[in-house]
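Coordinates from structure_20.cif are shown below (mmCIF, C-alpha atoms, pLDDT in the B column; chains and numbers go by the auth columns).
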data_query
loop_
_atom_site.group_PDB
_atom_site.id
_atom_site.type_symbol
_atom_site.label_atom_id
_atom_site.label_comp_id
_atom_site.label_asym_id
_atom_site.label_seq_id
_atom_site.Cartn_x
_atom_site.Cartn_y
_atom_site.Cartn_z
_atom_site.B_iso_or_equiv
_atom_site.auth_seq_id
_atom_site.auth_asym_id
ATOM 1 C CA MET A 1 199.283 -22.192 -19.062 47.00 1 P
ATOM 2 C CA THR A 2 200.818 -23.768 -16.012 48.00 2 P
ATOM 3 C CA THR A 3 200.957 -22.152 -12.597 51.00 3 P
ATOM 4 C CA THR A 4 203.474 -22.766 -9.885 57.00 4 P
ATOM 5 C CA ALA A 5 201.969 -23.628 -6.533 62.00 5 P
ATOM 6 C CA THR A 6 203.043 -21.404 -3.665 74.00 6 P
ATOM 7 C CA PRO A 7 205.092 -23.451 -1.213 82.00 7 P
ATOM 8 C CA PRO A 8 203.616 -23.734 2.271 87.00 8 P
ATOM 9 C CA LEU A 9 204.835 -21.405 4.971 92.00 9 P
ATOM 10 C CA ASN A 10 207.672 -22.978 6.951 96.00 10 P
ATOM 11 C CA VAL A 11 207.378 -22.207 10.675 97.00 11 P
ATOM 12 C CA LEU A 12 209.685 -22.968 13.586 98.00 12 P
ATOM 13 C CA HIS A 13 207.850 -22.884 16.915 98.00 13 P
ATOM 14 C CA VAL A 14 210.095 -22.686 19.994 98.00 14 P
ATOM 15 C CA ASP A 15 208.748 -23.030 23.548 98.00 15 P
ATOM 16 C CA ALA A 16 210.915 -22.380 26.598 98.00 16 P
ATOM 17 C CA SER A 17 208.723 -22.365 29.695 98.00 17 P
ATOM 18 C CA GLY A 18 209.616 -24.867 32.401 97.00 18 P
ATOM 19 C CA ARG A 19 205.899 -25.218 33.093 96.00 19 P
ATOM 20 C CA TYR A 20 203.467 -27.206 31.000 95.00 20 P
ATOM 21 C CA GLN A 21 200.253 -26.718 32.949 95.00 21 P
ATOM 22 C CA GLY A 22 199.288 -23.088 33.312 94.00 22 P
ATOM 23 C CA SER A 23 202.105 -21.655 31.188 97.00 23 P
ATOM 24 C CA VAL A 24 200.990 -18.378 29.628 97.00 24 P
ATOM 25 C CA SER A 25 203.857 -18.248 27.123 98.00 25 P
ATOM 26 C CA ARG A 26 203.033 -21.772 25.910 98.00 26 P
ATOM 27 C CA ALA A 27 199.339 -20.947 25.635 98.00 27 P
ATOM 28 C CA LEU A 28 200.006 -17.773 23.665 98.00 28 P
ATOM 29 C CA SER A 29 202.603 -19.273 21.334 98.00 29 P
ATOM 30 C CA GLY A 30 200.144 -22.119 20.749 98.00 30 P
ATOM 31 C CA LYS A 31 197.434 -19.580 19.952 98.00 31 P
ATOM 32 C CA PHE A 32 199.768 -17.940 17.441 98.00 32 P
ATOM 33 C CA ILE A 33 200.343 -21.281 15.717 97.00 33 P
ATOM 34 C CA GLU A 34 196.624 -22.107 15.777 96.00 34 P
ATOM 35 C CA THR A 35 195.818 -18.716 14.236 96.00 35 P
ATOM 36 C CA LEU A 36 198.456 -19.307 11.567 95.00 36 P
ATOM 37 C CA ARG A 37 196.886 -22.662 10.704 94.00 37 P
ATOM 38 C CA ASN A 38 193.455 -21.066 10.415 93.00 38 P
ATOM 39 C CA GLU A 39 194.597 -18.104 8.342 92.00 39 P
ATOM 40 C CA MET A 40 197.551 -19.391 6.306 88.00 40 P
ATOM 41 C CA GLY A 41 196.377 -22.714 4.906 82.00 41 P
ATOM 42 C CA GLU A 42 198.599 -25.628 5.874 87.00 42 P
ATOM 43 C CA PRO A 43 201.936 -24.278 7.108 91.00 43 P
ATOM 44 C CA VAL A 44 204.768 -26.694 7.848 94.00 44 P
ATOM 45 C CA ILE A 45 205.256 -26.501 11.621 96.00 45 P
ATOM 46 C CA ARG A 46 208.327 -27.701 13.485 97.00 46 P
ATOM 47 C CA HIS A 47 208.018 -27.545 17.259 98.00 47 P
ATOM 48 C CA ARG A 48 211.125 -27.382 19.421 98.00 48 P
ATOM 49 C CA ASP A 49 210.513 -27.562 23.182 98.00 49 P
ATOM 50 C CA VAL A 50 213.844 -26.421 24.600 98.00 50 P
ATOM 51 C CA ALA A 51 212.661 -26.933 28.183 97.00 51 P
ATOM 52 C CA ARG A 52 212.987 -30.681 27.632 95.00 52 P
ATOM 53 C CA GLY A 53 216.731 -30.176 27.709 94.00 53 P
ATOM 54 C CA LEU A 54 219.617 -29.131 25.487 96.00 54 P
ATOM 55 C CA PRO A 55 223.354 -29.573 25.977 94.00 55 P
ATOM 56 C CA PHE A 56 225.359 -26.610 27.198 95.00 56 P
ATOM 57 C CA VAL A 57 228.415 -25.311 25.397 96.00 57 P
ATOM 58 C CA ASP A 58 231.590 -26.719 26.970 97.00 58 P
ATOM 59 C CA ALA A 59 235.247 -27.159 26.061 97.00 59 P
ATOM 60 C CA ASP A 60 234.606 -30.211 23.875 97.00 60 P
ATOM 61 C CA TRP A 61 231.835 -28.429 21.976 97.00 61 P
ATOM 62 C CA ILE A 62 233.973 -25.336 21.436 97.00 62 P
ATOM 63 C CA GLY A 63 236.880 -27.455 20.224 97.00 63 P
ATOM 64 C CA ALA A 64 234.632 -29.300 17.782 97.00 64 P
ATOM 65 C CA ASN A 65 232.989 -26.120 16.543 96.00 65 P
ATOM 66 C CA PHE A 66 236.306 -24.416 15.801 94.00 66 P
ATOM 67 C CA THR A 67 237.678 -27.447 13.998 96.00 67 P
ATOM 68 C CA PRO A 68 237.103 -27.206 10.212 94.00 68 P
ATOM 69 C CA ALA A 69 234.164 -29.431 9.264 93.00 69 P
ATOM 70 C CA GLU A 70 236.237 -31.663 7.001 95.00 70 P
ATOM 71 C CA GLN A 71 238.733 -32.288 9.822 97.00 71 P
ATOM 72 C CA ARG A 72 236.298 -33.174 12.608 97.00 72 P
ATOM 73 C CA SER A 73 236.568 -36.563 14.216 97.00 73 P
ATOM 74 C CA GLU A 74 233.522 -38.773 14.588 97.00 74 P
ATOM 75 C CA GLN A 75 233.390 -37.812 18.252 97.00 75 P
ATOM 76 C CA GLN A 76 233.439 -34.109 17.369 97.00 76 P
ATOM 77 C CA GLN A 77 230.699 -34.622 14.806 97.00 77 P
ATOM 78 C CA GLN A 78 228.587 -36.310 17.450 97.00 78 P
ATOM 79 C CA ARG A 79 229.263 -33.458 19.883 97.00 79 P
ATOM 80 C CA LEU A 80 227.872 -30.979 17.342 97.00 80 P
ATOM 81 C CA ALA A 81 224.968 -33.171 16.205 97.00 81 P
ATOM 82 C CA GLU A 82 222.344 -31.482 18.408 97.00 82 P
ATOM 83 C CA SER A 83 223.522 -28.035 17.350 98.00 83 P
ATOM 84 C CA ASP A 84 223.495 -29.090 13.682 98.00 84 P
ATOM 85 C CA ALA A 85 219.919 -30.322 14.088 98.00 85 P
ATOM 86 C CA LEU A 86 218.794 -27.039 15.671 98.00 86 P
ATOM 87 C CA VAL A 87 220.431 -25.005 12.915 98.00 87 P
ATOM 88 C CA GLY A 88 218.792 -27.349 10.403 98.00 88 P
ATOM 89 C CA GLU A 89 215.392 -26.434 11.847 98.00 89 P
ATOM 90 C CA LEU A 90 216.103 -22.711 11.865 98.00 90 P
ATOM 91 C CA VAL A 91 217.646 -22.179 8.425 97.00 91 P
ATOM 92 C CA PRO A 92 214.618 -23.210 6.281 97.00 92 P
ATOM 93 C CA ALA A 93 212.048 -21.445 8.484 98.00 93 P
ATOM 94 C CA ASP A 94 210.198 -18.478 6.998 97.00 94 P
ATOM 95 C CA VAL A 95 208.719 -17.594 10.374 97.00 95 P
ATOM 96 C CA ILE A 96 210.058 -18.184 13.883 98.00 96 P
ATOM 97 C CA VAL A 97 207.664 -18.079 16.839 98.00 97 P
ATOM 98 C CA ILE A 98 209.314 -18.059 20.263 98.00 98 P
ATOM 99 C CA GLY A 99 207.282 -18.339 23.443 98.00 99 P
ATOM 100 C CA THR A 100 209.204 -17.574 26.604 98.00 100 P
ATOM 101 C CA PRO A 101 208.640 -16.520 30.188 98.00 101 P
ATOM 102 C CA VAL A 102 210.928 -14.077 31.953 98.00 102 P
ATOM 103 C CA TYR A 103 212.880 -15.733 34.750 97.00 103 P
ATOM 104 C CA ASN A 104 214.696 -13.319 37.041 96.00 104 P
ATOM 105 C CA PHE A 105 214.542 -10.542 34.447 97.00 105 P
ATOM 106 C CA SER A 106 215.943 -12.625 31.564 97.00 106 P
ATOM 107 C CA ILE A 107 215.308 -15.739 29.470 98.00 107 P
ATOM 108 C CA PRO A 108 215.313 -19.312 30.837 98.00 108 P
ATOM 109 C CA ALA A 109 218.644 -21.160 30.765 97.00 109 P
ATOM 110 C CA SER A 110 217.153 -23.647 28.303 97.00 110 P
ATOM 111 C CA LEU A 111 216.474 -20.883 25.771 98.00 111 P
ATOM 112 C CA LYS A 112 219.969 -19.464 26.275 98.00 112 P
ATOM 113 C CA ALA A 113 221.290 -22.955 25.491 98.00 113 P
ATOM 114 C CA TRP A 114 219.297 -22.894 22.238 98.00 114 P
ATOM 115 C CA VAL A 115 220.760 -19.481 21.404 98.00 115 P
ATOM 116 C CA ASP A 116 224.293 -20.722 22.015 98.00 116 P
ATOM 117 C CA LEU A 117 223.719 -23.763 19.804 98.00 117 P
ATOM 118 C CA VAL A 118 222.226 -21.894 16.827 98.00 118 P
ATOM 119 C CA ALA A 119 224.603 -18.915 16.782 97.00 119 P
ATOM 120 C CA ARG A 120 227.233 -20.683 14.660 97.00 120 P
ATOM 121 C CA ALA A 121 229.928 -18.851 12.722 94.00 121 P
ATOM 122 C CA GLY A 122 229.797 -19.935 9.097 94.00 122 P
ATOM 123 C CA LEU A 123 226.252 -21.304 9.424 96.00 123 P
ATOM 124 C CA THR A 124 224.040 -18.547 10.824 98.00 124 P
ATOM 125 C CA PHE A 125 226.514 -15.645 10.758 97.00 125 P
ATOM 126 C CA ARG A 126 229.961 -14.953 9.380 96.00 126 P
ATOM 127 C CA TYR A 127 232.850 -12.713 10.288 94.00 127 P
ATOM 128 C CA THR A 128 233.985 -10.034 7.837 95.00 128 P
ATOM 129 C CA GLU A 129 236.576 -7.266 7.964 93.00 129 P
ATOM 130 C CA ASN A 130 233.725 -4.951 8.943 92.00 130 P
ATOM 131 C CA GLY A 131 232.407 -7.203 11.689 93.00 131 P
ATOM 132 C CA PRO A 132 229.912 -10.077 11.900 94.00 132 P
ATOM 133 C CA VAL A 133 227.111 -10.391 9.329 97.00 133 P
ATOM 134 C CA GLY A 134 223.948 -12.447 9.850 97.00 134 P
ATOM 135 C CA LEU A 135 223.172 -15.082 7.239 98.00 135 P
ATOM 136 C CA LEU A 136 219.473 -15.744 7.942 98.00 136 P
ATOM 137 C CA GLU A 137 217.940 -12.807 6.115 96.00 137 P
ATOM 138 C CA GLY A 138 214.367 -12.607 4.879 96.00 138 P
ATOM 139 C CA LYS A 139 212.719 -14.237 7.887 98.00 139 P
ATOM 140 C CA LYS A 140 210.145 -12.944 10.349 97.00 140 P
ATOM 141 C CA ALA A 141 210.292 -13.626 14.070 98.00 141 P
ATOM 142 C CA TYR A 142 207.595 -13.249 16.700 98.00 142 P
ATOM 143 C CA VAL A 143 208.757 -13.328 20.312 98.00 143 P
ATOM 144 C CA ILE A 144 205.956 -13.854 22.824 98.00 144 P
ATOM 145 C CA VAL A 145 207.104 -12.835 26.300 98.00 145 P
ATOM 146 C CA ALA A 146 205.159 -13.541 29.498 98.00 146 P
ATOM 147 C CA THR A 147 206.144 -11.942 32.792 97.00 147 P
ATOM 148 C CA GLY A 148 204.826 -11.928 36.318 96.00 148 P
ATOM 149 C CA GLY A 149 205.931 -8.413 37.225 95.00 149 P
ATOM 150 C CA THR A 150 208.563 -7.193 34.763 96.00 150 P
ATOM 151 C CA PRO A 151 207.265 -4.628 32.257 95.00 151 P
ATOM 152 C CA VAL A 152 208.251 -5.769 28.757 96.00 152 P
ATOM 153 C CA GLY A 153 210.560 -3.219 27.169 95.00 153 P
ATOM 154 C CA SER A 154 211.544 -1.651 30.472 96.00 154 P
ATOM 155 C CA ASP A 155 215.066 -1.153 31.805 96.00 155 P
ATOM 156 C CA ILE A 156 214.755 -4.343 33.853 97.00 156 P
ATOM 157 C CA ASP A 157 213.581 -6.485 30.928 97.00 157 P
ATOM 158 C CA PHE A 158 216.755 -8.245 29.782 97.00 158 P
ATOM 159 C CA ALA A 159 214.815 -10.872 27.816 98.00 159 P
ATOM 160 C CA SER A 160 213.028 -9.220 24.900 97.00 160 P
ATOM 161 C CA GLY A 161 215.851 -6.839 23.979 97.00 161 P
ATOM 162 C CA TYR A 162 218.395 -9.644 24.128 98.00 162 P
ATOM 163 C CA LEU A 163 216.349 -11.886 21.855 98.00 163 P
ATOM 164 C CA ARG A 164 215.755 -9.046 19.395 98.00 164 P
ATOM 165 C CA HIS A 165 219.506 -8.363 19.308 98.00 165 P
ATOM 166 C CA LEU A 166 220.442 -12.035 18.966 98.00 166 P
ATOM 167 C CA LEU A 167 217.992 -12.605 16.124 98.00 167 P
ATOM 168 C CA GLY A 168 219.295 -9.517 14.370 98.00 168 P
ATOM 169 C CA PHE A 169 222.849 -10.750 14.861 98.00 169 P
ATOM 170 C CA ILE A 170 222.074 -13.865 12.813 98.00 170 P
ATOM 171 C CA GLY A 171 220.259 -11.824 10.162 98.00 171 P
ATOM 172 C CA ILE A 172 216.637 -11.826 11.355 98.00 172 P
ATOM 173 C CA ASP A 173 215.851 -8.125 11.604 97.00 173 P
ATOM 174 C CA ASP A 174 212.063 -8.331 11.283 97.00 174 P
ATOM 175 C CA VAL A 175 211.212 -9.085 14.907 98.00 175 P
ATOM 176 C CA THR A 176 207.880 -8.440 16.617 98.00 176 P
ATOM 177 C CA ILE A 177 207.726 -8.567 20.419 98.00 177 P
ATOM 178 C CA ILE A 178 204.331 -9.557 21.836 98.00 178 P
ATOM 179 C CA GLY A 179 204.200 -8.962 25.557 97.00 179 P
ATOM 180 C CA ALA A 180 201.881 -10.420 28.177 96.00 180 P
ATOM 181 C CA ASP A 181 203.500 -8.666 31.071 96.00 181 P
ATOM 182 C CA ARG A 182 202.828 -7.986 34.750 96.00 182 P
ATOM 183 C CA LEU A 183 200.450 -10.928 34.884 96.00 183 P
ATOM 184 C CA MET A 184 200.466 -10.883 38.671 94.00 184 P
ATOM 185 C CA GLN A 185 198.988 -7.381 38.546 94.00 185 P
ATOM 186 C CA GLN A 186 196.890 -7.212 35.375 94.00 186 P
ATOM 187 C CA ALA A 187 196.369 -10.707 34.040 94.00 187 P
ATOM 188 C CA ASP A 188 193.120 -10.137 32.156 95.00 188 P
ATOM 189 C CA THR A 189 194.314 -6.952 30.479 96.00 189 P
ATOM 190 C CA ALA A 190 197.723 -8.425 29.595 96.00 190 P
ATOM 191 C CA LEU A 191 196.261 -11.600 28.104 96.00 191 P
ATOM 192 C CA ALA A 192 193.635 -9.749 26.078 97.00 192 P
ATOM 193 C CA GLY A 193 196.269 -7.371 24.740 97.00 193 P
ATOM 194 C CA ALA A 194 198.620 -10.171 23.763 97.00 194 P
ATOM 195 C CA GLU A 195 195.862 -12.137 22.043 97.00 195 P
ATOM 196 C CA GLN A 196 194.874 -9.059 20.056 97.00 196 P
ATOM 197 C CA GLN A 197 198.497 -8.514 19.030 97.00 197 P
ATOM 198 C CA ILE A 198 198.646 -12.106 17.806 98.00 198 P
ATOM 199 C CA VAL A 199 195.541 -11.664 15.658 97.00 199 P
ATOM 200 C CA GLN A 200 196.961 -8.462 14.192 97.00 200 P
ATOM 201 C CA ALA A 201 200.387 -9.999 13.575 97.00 201 P
ATOM 202 C CA VAL A 202 198.963 -12.972 11.686 96.00 202 P
ATOM 203 C CA ALA A 203 196.662 -10.705 9.677 96.00 203 P
ATOM 204 C CA ALA A 204 199.662 -8.611 8.643 95.00 204 P
ATOM 205 C CA LEU A 205 201.621 -11.755 7.777 93.00 205 P
ATOM 206 C CA ARG A 206 198.776 -13.011 5.613 91.00 206 P
ATOM 207 C CA ALA A 207 198.432 -9.650 3.861 91.00 207 P
ATOM 208 C CA ALA A 208 202.133 -9.676 3.015 87.00 208 P
ATOM 209 C CA ALA A 209 202.073 -13.253 1.692 79.00 209 P
#

Could you write out this file's structure as structure tokens?
Amino acid sequence: MTTTATPPLNVLHVDASGRYQGSVSRALSGKFIETLRNEMGEPVIRHRDVARGLPFVDADWIGANFTPAEQRSEQQQQRLAESDALVGELVPADVIVIGTPVYNFSIPASLKAWVDLVARAGLTFRYTENGPVGLLEGKKAYVIVATGGTPVGSDIDFASGYLRHLLGFIGIDDVTIIGADRLMQQADTALAGAEQQIVQAVAALRAAA
């Protein structure tokens, strides 16, 4: 009797903090990945550091994107190459881990650039007569949010709710928000709480595997 080996977990790890030394969101997203490695065998990890720079959507990009793929010029294909690569990382992922700080009550511009480049009609969502439908179903996302003073989930947190909505828009409805918030006021408590949430999230992921 032959058995089919279970394919390794495919994970996309996205970091957005502009800081490298002392970044809480990077440390916590890294802890999530480390815990996954310890608990889930040998997952396939792709790391995308958006803070290193991504192109912004402009007129040329929009023109290329709305040109049918078979009609795009070489220049238009090149203009969409970065976006195609980002979508190519996202589509096969079983799990998406996003680590982000809150800058001025929302996400960093670099992470918004990533959002704009992966939200592609026909690739990650499609339009229907009843409205848009996400195409990336069956995935789990974990959004790790670090803030200096903004309470995660509050009326002035325009980061976590936006990311939950965006992920749902492209079909990823299973989204867990892990907050390390108000670090300027309660750093030890916030960090301990976030680390415990990470342990629990990975344990639940393993139990469901």

- [ ] Find the distance between CA of Ile156 in chain P and CA of Ser106 in chain P and write it in Å to one decimal.
- [x] 8.7 Å

TODO: Starting from the displayed file, determine the output of the PyMOL selection byres ((chain P and resi 11) around 8) and express the residue list as a ChimeraX atom specification.
DONE: /P:9-10,12-13,43-46,93-97

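Taking all atoms listed in the file into account, Gly168 in chain P lies nearest to P:Val133 out of the set P:Leu205, P:Ala194, P:Val133, P:Met184.
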
Task: For Leu136 in chain P, the nearest of the candidates P:Thr124, P:Thr189, P:Ser110, P:Asn104, counting all atoms listed in the file - done: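 Among P:Thr124, P:Thr189, P:Ser110, P:Asn104, it is P:Thr124 that comes nearest to Leu136 in chain P.
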
Open item on the list: I want to know what sits within 9 Å of Leu183 in chain P, based on all atoms listed in the file, with residues of the same chain fewer than 5 positions away left out; could you give that as a PyMOL selection string?
Closed with: chain P and resi 146-150+188-191

TODO: Would you please work out which residue, of P:Ala113, P:Gly88, P:Phe125, P:Lys139, is nearest to Phe56 in chain P when using all atoms listed in the file?
DONE: P:Ala113

Give me the residues within 7 Å of range 15-32 of chain P as a PDB file with C-alpha atoms, in the frame of the given file, counting all atoms listed in the file and dropping any in the same chain fewer than 2 places off.
ATOM      1  CA  HIS P  13     207.850 -22.884  16.915  1.00 98.00           C
ATOM      2  CA  GLU P  34     196.624 -22.107  15.777  1.00 96.00           C
ATOM      3  CA  THR P  35     195.818 -18.716  14.236  1.00 96.00           C
ATOM      4  CA  LEU P  36     198.456 -19.307  11.567  1.00 95.00           C
ATOM      5  CA  ARG P  48     211.125 -27.382  19.421  1.00 98.00           C
ATOM      6  CA  ASP P  49     210.513 -27.562  23.182  1.00 98.00           C
ATOM      7  CA  VAL P  50     213.844 -26.421  24.600  1.00 98.00           C
ATOM      8  CA  ALA P  51     212.661 -26.933  28.183  1.00 97.00           C
ATOM      9  CA  VAL P  97     207.664 -18.079  16.839  1.00 98.00           C
ATOM     10  CA  ILE P  98     209.314 -18.059  20.263  1.00 98.00           C
ATOM     11  CA  GLY P  99     207.282 -18.339  23.443  1.00 98.00           C
ATOM     12  CA  THR P 100     209.204 -17.574  26.604  1.00 98.00           C
ATOM     13  CA  PRO P 101     208.640 -16.520  30.188  1.00 98.00           C
ATOM     14  CA  PRO P 108     215.313 -19.312  30.837  1.00 98.00           C
ATOM     15  CA  SER P 110     217.153 -23.647  28.303  1.00 97.00           C
ATOM     16  CA  LEU P 111     216.474 -20.883  25.771  1.00 98.00           C
ATOM     17  CA  ILE P 144     205.956 -13.854  22.824  1.00 98.00           C
ATOM     18  CA  VAL P 145     207.104 -12.835  26.300  1.00 98.00           C
ATOM     19  CA  ALA P 146     205.159 -13.541  29.498  1.00 98.00           C
ATOM     20  CA  ILE P 198     198.646 -12.106  17.806  1.00 98.00           C
TER      21      ILE P 198
END

- [ ] Spell out the residues picked by the PyMOL selection byres ((chain P and resi 65-78) around 12) here, as a ChimeraX atom specification.
- [x] /P:57-64,79-85,116-123

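The residue that comes closest to Phe105 in chain P, out of P:Ala159, P:Val152, P:Val143, P:Leu135 and on the basis of all atoms listed in the file, is P:Ala159.
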
- [ ] Pick out the closest residue to Pro151 in chain P from this set: P:Asp181, P:Gly138, P:Asn130, P:Gly171. Count all atoms listed in the file.
- [x]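 Closest candidate: P:Asp181.
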
Open item on the list: My list of candidates is P:Met40, P:Val87, P:Ile170, P:Ala141. Which is closest to Arg126 in chain P when distances are computed with only C-alpha atoms?
Closed with: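 Among the listed residues, the smallest separation from Arg126 in chain P belongs to P:Ile170.
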
TODO: May I ask for the distance between CA of Pro132 in chain P and CA of Phe169 in chain P, given in Å to one decimal place?
DONE: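 Result for CA of Pro132 in chain P versus CA of Phe169 in chain P: 7.7 Å, one decimal.
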
Open item on the list: Would you compute the distance between CA of Pro8 in chain P and CA of Glu42 in chain P? Give it in Å to one decimal.
Closed with: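 About the pair CA of Pro8 in chain P and CA of Glu42 in chain P: they are 6.5 Å apart.
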
Report as JSON the centre and the edge lengths, in Å to one decimal, of the axis-aligned box holding every listed atom of range 167-176 of chain P, padded by 8 Å on each side.
{"center_x": 215.4, "center_y": -11.0, "center_z": 13.4, "size_x": 31.0, "size_y": 21.7, "size_z": 22.5}

May I ask you to restore N, CA and C atoms in range 124-139 of chain P and write the result as a compact mmCIF listing (two decimals), in the frame of the given file?
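Written file, part.txt:
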# COMPACT_ATOMS: atom_id res chain seq x y z
N THR P 124 225.11 -19.53 10.64
CA THR P 124 224.04 -18.55 10.82
C THR P 124 224.57 -17.11 10.84
N PHE P 125 225.88 -16.95 10.94
CA PHE P 125 226.51 -15.64 10.76
C PHE P 125 227.94 -15.89 10.30
N ARG P 126 228.57 -14.84 9.80
CA ARG P 126 229.96 -14.95 9.38
C ARG P 126 230.71 -13.70 9.79
N TYR P 127 231.99 -13.85 9.96
CA TYR P 127 232.85 -12.71 10.29
C TYR P 127 233.38 -12.09 9.00
N THR P 128 233.41 -10.77 8.96
CA THR P 128 233.98 -10.03 7.84
C THR P 128 234.94 -8.99 8.40
N GLU P 129 235.65 -8.31 7.51
CA GLU P 129 236.58 -7.27 7.96
C GLU P 129 235.84 -6.10 8.61
N ASN P 130 234.53 -6.01 8.35
CA ASN P 130 233.72 -4.95 8.94
C ASN P 130 232.88 -5.44 10.12
N GLY P 131 233.16 -6.66 10.57
CA GLY P 131 232.41 -7.20 11.69
C GLY P 131 231.51 -8.35 11.26
N PRO P 132 230.77 -8.93 12.22
CA PRO P 132 229.91 -10.08 11.90
C PRO P 132 228.71 -9.68 11.05
N VAL P 133 228.28 -10.60 10.19
CA VAL P 133 227.11 -10.39 9.33
C VAL P 133 226.20 -11.60 9.46
N GLY P 134 224.92 -11.36 9.75
CA GLY P 134 223.95 -12.45 9.85
C GLY P 134 223.65 -13.06 8.50
N LEU P 135 223.40 -14.36 8.49
CA LEU P 135 223.17 -15.08 7.24
C LEU P 135 221.71 -15.48 7.03
N LEU P 136 220.86 -15.26 8.03
CA LEU P 136 219.47 -15.74 7.94
C LEU P 136 218.51 -14.60 7.61
N GLU P 137 218.76 -13.95 6.50
CA GLU P 137 217.94 -12.81 6.12
C GLU P 137 216.61 -13.27 5.53
N GLY P 138 215.65 -12.35 5.52
CA GLY P 138 214.37 -12.61 4.88
C GLY P 138 213.37 -13.37 5.72
N LYS P 139 213.63 -13.51 7.00
CA LYS P 139 212.72 -14.24 7.89
C LYS P 139 211.99 -13.26 8.80
